[in-house]
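coords.cif (mmCIF, N, CA and C atoms)
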```
data_protein
#
loop_
_atom_site.group_PDB
_atom_site.id
_atom_site.type_symbol
_atom_site.label_atom_id
_atom_site.label_comp_id
_atom_site.auth_asym_id
_atom_site.auth_seq_id
_atom_site.Cartn_x
_atom_site.Cartn_y
_atom_site.Cartn_z
ATOM 1 N N MET A 26 -73.847 -41.634 27.238
ATOM 2 C CA MET A 26 -74.791 -42.427 27.994
ATOM 3 C C MET A 26 -76.104 -41.658 28.198
ATOM 4 N N VAL A 27 -75.973 -40.380 28.575
ATOM 5 C CA VAL A 27 -77.162 -39.564 28.811
ATOM 6 C C VAL A 27 -77.928 -39.372 27.505
ATOM 7 N N LEU A 28 -77.214 -39.221 26.415
ATOM 8 C CA LEU A 28 -77.870 -39.047 25.120
ATOM 9 C C LEU A 28 -78.710 -40.270 24.765
ATOM 10 N N TYR A 29 -78.182 -41.454 25.002
ATOM 11 C CA TYR A 29 -78.917 -42.670 24.677
ATOM 12 C C TYR A 29 -80.142 -42.839 25.564
ATOM 13 N N LEU A 30 -80.037 -42.477 26.831
ATOM 14 C CA LEU A 30 -81.204 -42.523 27.714
ATOM 15 C C LEU A 30 -82.263 -41.518 27.275
ATOM 16 N N MET A 31 -81.818 -40.352 26.832
ATOM 17 C CA MET A 31 -82.745 -39.338 26.356
ATOM 18 C C MET A 31 -83.480 -39.834 25.112
ATOM 19 N N VAL A 32 -82.755 -40.428 24.179
ATOM 20 C CA VAL A 32 -83.380 -40.951 22.962
ATOM 21 C C VAL A 32 -84.326 -42.097 23.304
ATOM 22 N N LEU A 33 -83.945 -42.958 24.232
ATOM 23 C CA LEU A 33 -84.806 -44.063 24.633
ATOM 24 C C LEU A 33 -86.114 -43.552 25.230
ATOM 25 N N CYS A 34 -86.019 -42.570 26.112
ATOM 26 C CA CYS A 34 -87.216 -42.073 26.798
ATOM 27 C C CYS A 34 -88.074 -41.165 25.928
ATOM 28 N N ASN A 35 -87.457 -40.385 25.044
ATOM 29 C CA ASN A 35 -88.209 -39.387 24.282
ATOM 30 C C ASN A 35 -88.541 -39.800 22.855
ATOM 31 N N VAL A 36 -87.885 -40.822 22.328
ATOM 32 C CA VAL A 36 -88.134 -41.219 20.947
ATOM 33 C C VAL A 36 -88.681 -42.640 20.865
ATOM 34 N N ILE A 37 -88.038 -43.568 21.543
ATOM 35 C CA ILE A 37 -88.429 -44.974 21.436
ATOM 36 C C ILE A 37 -89.693 -45.256 22.251
ATOM 37 N N ALA A 38 -89.754 -44.770 23.479
ATOM 38 C CA ALA A 38 -90.896 -45.064 24.353
ATOM 39 C C ALA A 38 -92.230 -44.544 23.787
ATOM 40 N N PRO A 39 -92.304 -43.348 23.202
ATOM 41 C CA PRO A 39 -93.597 -42.901 22.656
ATOM 42 C C PRO A 39 -94.109 -43.754 21.500
ATOM 43 N N GLN A 40 -93.249 -44.560 20.893
ATOM 44 C CA GLN A 40 -93.699 -45.417 19.802
ATOM 45 C C GLN A 40 -94.651 -46.501 20.291
ATOM 46 N N MET A 41 -94.647 -46.784 21.595
ATOM 47 C CA MET A 41 -95.579 -47.760 22.156
ATOM 48 C C MET A 41 -97.017 -47.242 22.133
ATOM 49 N N LEU A 42 -97.181 -45.935 21.987
ATOM 50 C CA LEU A 42 -98.535 -45.381 21.952
ATOM 51 C C LEU A 42 -99.270 -45.724 20.659
ATOM 52 N N TRP A 43 -98.595 -46.324 19.705
ATOM 53 C CA TRP A 43 -99.281 -46.783 18.499
ATOM 54 C C TRP A 43 -100.193 -47.966 18.814
ATOM 55 N N LEU A 44 -99.919 -48.673 19.916
ATOM 56 C CA LEU A 44 -100.724 -49.843 20.289
ATOM 57 C C LEU A 44 -101.934 -49.400 21.109
ATOM 58 N N LYS A 45 -103.117 -49.864 20.723
ATOM 59 C CA LYS A 45 -104.343 -49.477 21.424
ATOM 60 C C LYS A 45 -104.342 -50.001 22.853
ATOM 61 N N LYS A 46 -103.796 -51.195 23.060
ATOM 62 C CA LYS A 46 -103.743 -51.784 24.398
ATOM 63 C C LYS A 46 -102.905 -50.919 25.345
ATOM 64 N N ALA A 47 -101.834 -50.343 24.810
ATOM 65 C CA ALA A 47 -100.977 -49.481 25.634
ATOM 66 C C ALA A 47 -101.669 -48.152 25.937
ATOM 67 N N ARG A 48 -102.421 -47.612 24.968
ATOM 68 C CA ARG A 48 -103.105 -46.339 25.181
ATOM 69 C C ARG A 48 -104.263 -46.448 26.160
ATOM 70 N N SER A 49 -104.846 -47.621 26.271
ATOM 71 C CA SER A 49 -106.013 -47.772 27.144
ATOM 72 C C SER A 49 -105.670 -48.267 28.540
ATOM 73 N N SER A 50 -104.414 -48.559 28.816
ATOM 74 C CA SER A 50 -103.999 -49.032 30.130
ATOM 75 C C SER A 50 -103.505 -47.852 30.970
ATOM 76 N N ILE A 51 -104.159 -47.630 32.092
ATOM 77 C CA ILE A 51 -103.779 -46.514 32.954
ATOM 78 C C ILE A 51 -102.401 -46.734 33.567
ATOM 79 N N ALA A 52 -102.096 -47.965 33.936
ATOM 80 C CA ALA A 52 -100.783 -48.270 34.530
ATOM 81 C C ALA A 52 -99.664 -48.001 33.528
ATOM 82 N N PHE A 53 -99.875 -48.434 32.278
ATOM 83 C CA PHE A 53 -98.851 -48.180 31.269
ATOM 84 C C PHE A 53 -98.694 -46.689 31.005
ATOM 85 N N LEU A 54 -99.795 -45.975 30.938
ATOM 86 C CA LEU A 54 -99.709 -44.535 30.694
ATOM 87 C C LEU A 54 -98.995 -43.820 31.829
ATOM 88 N N PHE A 55 -99.175 -44.298 33.068
ATOM 89 C CA PHE A 55 -98.459 -43.703 34.201
ATOM 90 C C PHE A 55 -96.956 -43.943 34.066
ATOM 91 N N VAL A 56 -96.572 -45.190 33.773
ATOM 92 C CA VAL A 56 -95.142 -45.508 33.589
ATOM 93 C C VAL A 56 -94.587 -44.729 32.402
ATOM 94 N N PHE A 57 -95.378 -44.629 31.339
ATOM 95 C CA PHE A 57 -94.959 -43.884 30.159
ATOM 96 C C PHE A 57 -94.730 -42.417 30.490
ATOM 97 N N SER A 58 -95.622 -41.815 31.266
ATOM 98 C CA SER A 58 -95.462 -40.400 31.620
ATOM 99 C C SER A 58 -94.216 -40.178 32.471
ATOM 100 N N ILE A 59 -93.921 -41.124 33.357
ATOM 101 C CA ILE A 59 -92.687 -41.018 34.157
ATOM 102 C C ILE A 59 -91.461 -41.116 33.250
ATOM 103 N N MET A 60 -91.503 -42.024 32.279
ATOM 104 C CA MET A 60 -90.364 -42.155 31.353
ATOM 105 C C MET A 60 -90.171 -40.883 30.531
ATOM 106 N N VAL A 61 -91.254 -40.281 30.089
ATOM 107 C CA VAL A 61 -91.144 -39.046 29.307
ATOM 108 C C VAL A 61 -90.592 -37.919 30.176
ATOM 109 N N ASN A 62 -91.019 -37.842 31.430
ATOM 110 C CA ASN A 62 -90.475 -36.818 32.337
ATOM 111 C C ASN A 62 -88.985 -37.022 32.574
ATOM 112 N N ILE A 63 -88.564 -38.259 32.739
ATOM 113 C CA ILE A 63 -87.136 -38.548 32.906
ATOM 114 C C ILE A 63 -86.386 -38.170 31.633
ATOM 115 N N GLY A 64 -86.951 -38.489 30.474
ATOM 116 C CA GLY A 64 -86.317 -38.134 29.209
ATOM 117 C C GLY A 64 -86.200 -36.630 29.022
ATOM 118 N N MET A 65 -87.219 -35.891 29.435
ATOM 119 C CA MET A 65 -87.152 -34.434 29.321
ATOM 120 C C MET A 65 -86.103 -33.859 30.276
ATOM 121 N N TRP A 66 -85.969 -34.483 31.438
ATOM 122 C CA TRP A 66 -84.923 -34.027 32.365
ATOM 123 C C TRP A 66 -83.549 -34.263 31.737
ATOM 124 N N PHE A 67 -83.351 -35.433 31.123
ATOM 125 C CA PHE A 67 -82.076 -35.701 30.448
ATOM 126 C C PHE A 67 -81.848 -34.740 29.292
ATOM 127 N N GLU A 68 -82.908 -34.354 28.603
ATOM 128 C CA GLU A 68 -82.756 -33.390 27.510
ATOM 129 C C GLU A 68 -82.276 -32.049 28.037
ATOM 130 N N ARG A 69 -82.856 -31.585 29.122
ATOM 131 C CA ARG A 69 -82.400 -30.321 29.704
ATOM 132 C C ARG A 69 -80.979 -30.445 30.239
ATOM 133 N N PHE A 70 -80.641 -31.606 30.766
ATOM 134 C CA PHE A 70 -79.277 -31.840 31.219
ATOM 135 C C PHE A 70 -78.299 -31.717 30.060
ATOM 136 N N VAL A 71 -78.658 -32.321 28.922
ATOM 137 C CA VAL A 71 -77.785 -32.249 27.744
ATOM 138 C C VAL A 71 -77.668 -30.811 27.262
ATOM 139 N N ILE A 72 -78.787 -30.078 27.251
ATOM 140 C CA ILE A 72 -78.755 -28.707 26.753
ATOM 141 C C ILE A 72 -77.920 -27.816 27.663
ATOM 142 N N ILE A 73 -78.126 -27.895 28.971
ATOM 143 C CA ILE A 73 -77.467 -26.975 29.892
ATOM 144 C C ILE A 73 -76.043 -27.403 30.210
ATOM 145 N N VAL A 74 -75.878 -28.587 30.741
ATOM 146 C CA VAL A 74 -74.561 -29.002 31.251
ATOM 147 C C VAL A 74 -73.564 -29.200 30.128
ATOM 148 N N VAL A 75 -73.958 -29.890 29.086
ATOM 149 C CA VAL A 75 -73.013 -30.157 27.999
ATOM 150 C C VAL A 75 -72.672 -28.879 27.247
ATOM 151 N N SER A 76 -73.653 -27.989 27.068
ATOM 152 C CA SER A 76 -73.348 -26.760 26.338
ATOM 153 C C SER A 76 -72.489 -25.798 27.161
ATOM 154 N N LEU A 77 -72.567 -25.868 28.482
ATOM 155 C CA LEU A 77 -71.743 -24.991 29.308
ATOM 156 C C LEU A 77 -70.358 -25.574 29.592
ATOM 157 N N HIS A 78 -70.129 -26.781 29.123
ATOM 158 C CA HIS A 78 -68.834 -27.425 29.365
ATOM 159 C C HIS A 78 -67.695 -26.644 28.721
ATOM 160 N N ARG A 79 -67.938 -26.140 27.526
ATOM 161 C CA ARG A 79 -66.903 -25.406 26.800
ATOM 162 C C ARG A 79 -67.563 -24.313 25.975
ATOM 163 N N ALA A 80 -66.926 -23.172 25.889
ATOM 164 C CA ALA A 80 -67.457 -22.062 25.095
ATOM 165 C C ALA A 80 -67.080 -22.280 23.630
ATOM 166 N N PHE A 81 -68.076 -22.483 22.783
ATOM 167 C CA PHE A 81 -67.813 -22.699 21.367
ATOM 168 C C PHE A 81 -67.921 -21.416 20.564
ATOM 169 N N LEU A 82 -68.568 -20.403 21.115
ATOM 170 C CA LEU A 82 -68.707 -19.149 20.379
ATOM 171 C C LEU A 82 -67.468 -18.287 20.556
ATOM 172 N N PRO A 83 -67.085 -17.585 19.528
ATOM 173 C CA PRO A 83 -65.922 -16.702 19.668
ATOM 174 C C PRO A 83 -66.132 -15.611 20.717
ATOM 175 N N SER A 84 -67.397 -15.260 20.995
ATOM 176 C CA SER A 84 -67.641 -14.230 22.005
ATOM 177 C C SER A 84 -67.267 -14.712 23.402
ATOM 178 N N GLY A 85 -67.186 -16.017 23.601
ATOM 179 C CA GLY A 85 -66.806 -16.550 24.903
ATOM 180 C C GLY A 85 -65.308 -16.608 25.102
ATOM 181 N N TRP A 86 -64.532 -16.275 24.079
ATOM 182 C CA TRP A 86 -63.091 -16.377 24.170
ATOM 183 C C TRP A 86 -62.435 -15.133 24.732
ATOM 184 N N GLY A 87 -63.122 -14.024 24.713
ATOM 185 C CA GLY A 87 -62.514 -12.791 25.189
ATOM 186 C C GLY A 87 -63.580 -11.751 25.473
ATOM 187 N N MET A 88 -63.125 -10.545 25.751
ATOM 188 C CA MET A 88 -64.039 -9.458 26.079
ATOM 189 C C MET A 88 -64.682 -8.913 24.808
ATOM 190 N N PHE A 89 -65.971 -8.579 24.877
ATOM 191 C CA PHE A 89 -66.690 -8.009 23.736
ATOM 192 C C PHE A 89 -66.669 -6.498 23.838
ATOM 193 N N TYR A 90 -66.225 -5.838 22.774
ATOM 194 C CA TYR A 90 -66.246 -4.386 22.682
ATOM 195 C C TYR A 90 -67.107 -4.013 21.483
ATOM 196 N N PRO A 91 -68.204 -3.286 21.703
ATOM 197 C CA PRO A 91 -69.090 -2.971 20.580
ATOM 198 C C PRO A 91 -68.434 -2.014 19.597
ATOM 199 N N THR A 92 -68.726 -2.250 18.317
ATOM 200 C CA THR A 92 -68.218 -1.372 17.271
ATOM 201 C C THR A 92 -69.272 -0.296 16.985
ATOM 202 N N ALA A 93 -68.944 0.595 16.092
ATOM 203 C CA ALA A 93 -69.887 1.647 15.718
ATOM 204 C C ALA A 93 -71.125 1.052 15.048
ATOM 205 N N ILE A 94 -70.958 -0.018 14.315
ATOM 206 C CA ILE A 94 -72.098 -0.675 13.673
ATOM 207 C C ILE A 94 -73.015 -1.288 14.726
ATOM 208 N N ASP A 95 -72.445 -1.929 15.747
ATOM 209 C CA ASP A 95 -73.262 -2.508 16.821
ATOM 210 C C ASP A 95 -74.082 -1.437 17.537
ATOM 211 N N ILE A 96 -73.451 -0.333 17.839
ATOM 212 C CA ILE A 96 -74.148 0.758 18.526
ATOM 213 C C ILE A 96 -75.202 1.364 17.605
ATOM 214 N N GLY A 97 -74.890 1.494 16.302
ATOM 215 C CA GLY A 97 -75.852 2.019 15.349
ATOM 216 C C GLY A 97 -77.082 1.130 15.207
ATOM 217 N N VAL A 98 -76.881 -0.186 15.202
ATOM 218 C CA VAL A 98 -78.017 -1.104 15.118
ATOM 219 C C VAL A 98 -78.874 -0.991 16.374
ATOM 220 N N LEU A 99 -78.252 -0.871 17.542
ATOM 221 C CA LEU A 99 -78.993 -0.730 18.793
ATOM 222 C C LEU A 99 -79.802 0.563 18.806
ATOM 223 N N VAL A 100 -79.163 1.675 18.472
ATOM 224 C CA VAL A 100 -79.858 2.968 18.463
ATOM 225 C C VAL A 100 -80.958 2.971 17.397
ATOM 226 N N GLY A 101 -80.684 2.385 16.237
ATOM 227 C CA GLY A 101 -81.685 2.319 15.178
ATOM 228 C C GLY A 101 -82.890 1.478 15.568
ATOM 229 N N SER A 102 -82.656 0.385 16.278
ATOM 230 C CA SER A 102 -83.793 -0.439 16.692
ATOM 231 C C SER A 102 -84.644 0.283 17.725
ATOM 232 N N PHE A 103 -84.008 1.010 18.640
ATOM 233 C CA PHE A 103 -84.774 1.826 19.583
ATOM 234 C C PHE A 103 -85.542 2.919 18.846
ATOM 235 N N GLY A 104 -84.901 3.560 17.880
ATOM 236 C CA GLY A 104 -85.570 4.604 17.110
ATOM 237 C C GLY A 104 -86.753 4.075 16.328
ATOM 238 N N LEU A 105 -86.602 2.902 15.707
ATOM 239 C CA LEU A 105 -87.715 2.304 14.968
ATOM 240 C C LEU A 105 -88.861 1.943 15.905
ATOM 241 N N PHE A 106 -88.532 1.408 17.062
ATOM 242 C CA PHE A 106 -89.577 1.048 18.024
ATOM 243 C C PHE A 106 -90.345 2.290 18.472
ATOM 244 N N PHE A 107 -89.637 3.333 18.874
ATOM 245 C CA PHE A 107 -90.318 4.524 19.366
ATOM 246 C C PHE A 107 -91.087 5.247 18.251
ATOM 247 N N THR A 108 -90.595 5.197 17.019
ATOM 248 C CA THR A 108 -91.339 5.779 15.908
ATOM 249 C C THR A 108 -92.656 5.042 15.693
ATOM 250 N N CYS A 109 -92.586 3.703 15.672
ATOM 251 C CA CYS A 109 -93.820 2.921 15.515
ATOM 252 C C CYS A 109 -94.753 3.105 16.703
ATOM 253 N N PHE A 110 -94.187 3.216 17.894
ATOM 254 C CA PHE A 110 -94.985 3.416 19.095
ATOM 255 C C PHE A 110 -95.704 4.764 19.048
ATOM 256 N N LEU A 111 -94.998 5.821 18.668
ATOM 257 C CA LEU A 111 -95.610 7.149 18.594
ATOM 258 C C LEU A 111 -96.643 7.220 17.474
ATOM 259 N N LEU A 112 -96.397 6.554 16.348
ATOM 260 C CA LEU A 112 -97.404 6.503 15.286
ATOM 261 C C LEU A 112 -98.653 5.758 15.747
ATOM 262 N N PHE A 113 -98.478 4.704 16.515
ATOM 263 C CA PHE A 113 -99.615 3.963 17.050
ATOM 264 C C PHE A 113 -100.428 4.841 17.995
ATOM 265 N N ILE A 114 -99.737 5.584 18.857
ATOM 266 C CA ILE A 114 -100.452 6.476 19.781
ATOM 267 C C ILE A 114 -101.166 7.581 19.001
ATOM 268 N N ARG A 115 -100.535 8.087 17.970
ATOM 269 C CA ARG A 115 -101.144 9.142 17.149
ATOM 270 C C ARG A 115 -102.425 8.653 16.482
ATOM 271 N N VAL A 116 -102.407 7.446 15.955
ATOM 272 C CA VAL A 116 -103.577 6.888 15.284
ATOM 273 C C VAL A 116 -104.642 6.520 16.324
ATOM 274 N N LEU A 117 -104.231 6.044 17.474
ATOM 275 C CA LEU A 117 -105.180 5.631 18.511
ATOM 276 C C LEU A 117 -105.922 6.825 19.080
ATOM 277 N N LEU A 118 -105.235 7.922 19.289
ATOM 278 C CA LEU A 118 -105.878 9.112 19.872
ATOM 279 C C LEU A 118 -106.282 10.008 18.749
#
```

Go ahead and express the file in the form of structure tokens.
Amino acid sequence: MVLYLMVLCNVIAPQMLWLKKARSSIAFLFVFSIMVNIGMWFERFVIIVVSLHRAFLPSGWGMFYPTAIDIGVLVGSFGLFFTCFLLFIRVLL
């Protein structure tokens, strides 16, 4: 139900903006803006509430323990950042 309301407010309603009469009416644009705001609220509802309903990622099924590769990627990314940072400071000064 929420999905259909979201599609109605965010996909179908903006199609009325193709009409010049609708674009030039302040009352219609006000109602249209309210509909788009309601549709965006439903979109955030779908993203947050529905996605938190159940954990679909395997990381949500149990405890995460980093492997040596995970730690190596983390240390390597810090090393690359600090190397580029120090080279930037060297060139700047």

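The protein and nucleic acid residues lying at most 6.5 Å from region 30-45 of chain A are Ser50, Met60, Val61, Ile63, Gly64, Met65, Phe67 and Glu68 of chain A, with only N, CA and C atoms considered and sequence neighbours fewer than 5 positions away removed.
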
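The coordinates place atom N of Ile59 (chain A) at 23.3 Å from atom N of Val75 (chain A).
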
Please determine an axis-aligned box that encloses all atoms of region 28-44 of chain A listed in the file, with 5 Å added on each side, and express its centre and edge lengths in Å to one decimal as AutoDock Vina command-line options.
```
--center_x -89.6 --center_y -44.4 --center_z 23.1 --size_x 34.7 --size_y 20.8 --size_z 19.2
```

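In this structure, atom C of Leu28 (chain A) sits 26.3 Å away from atom N of Ala52 (chain A).
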
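Our summary of the geometry notes that atom N of Thr92 (chain A) is positioned 18.2 Å from CA of Gly104 (chain A).
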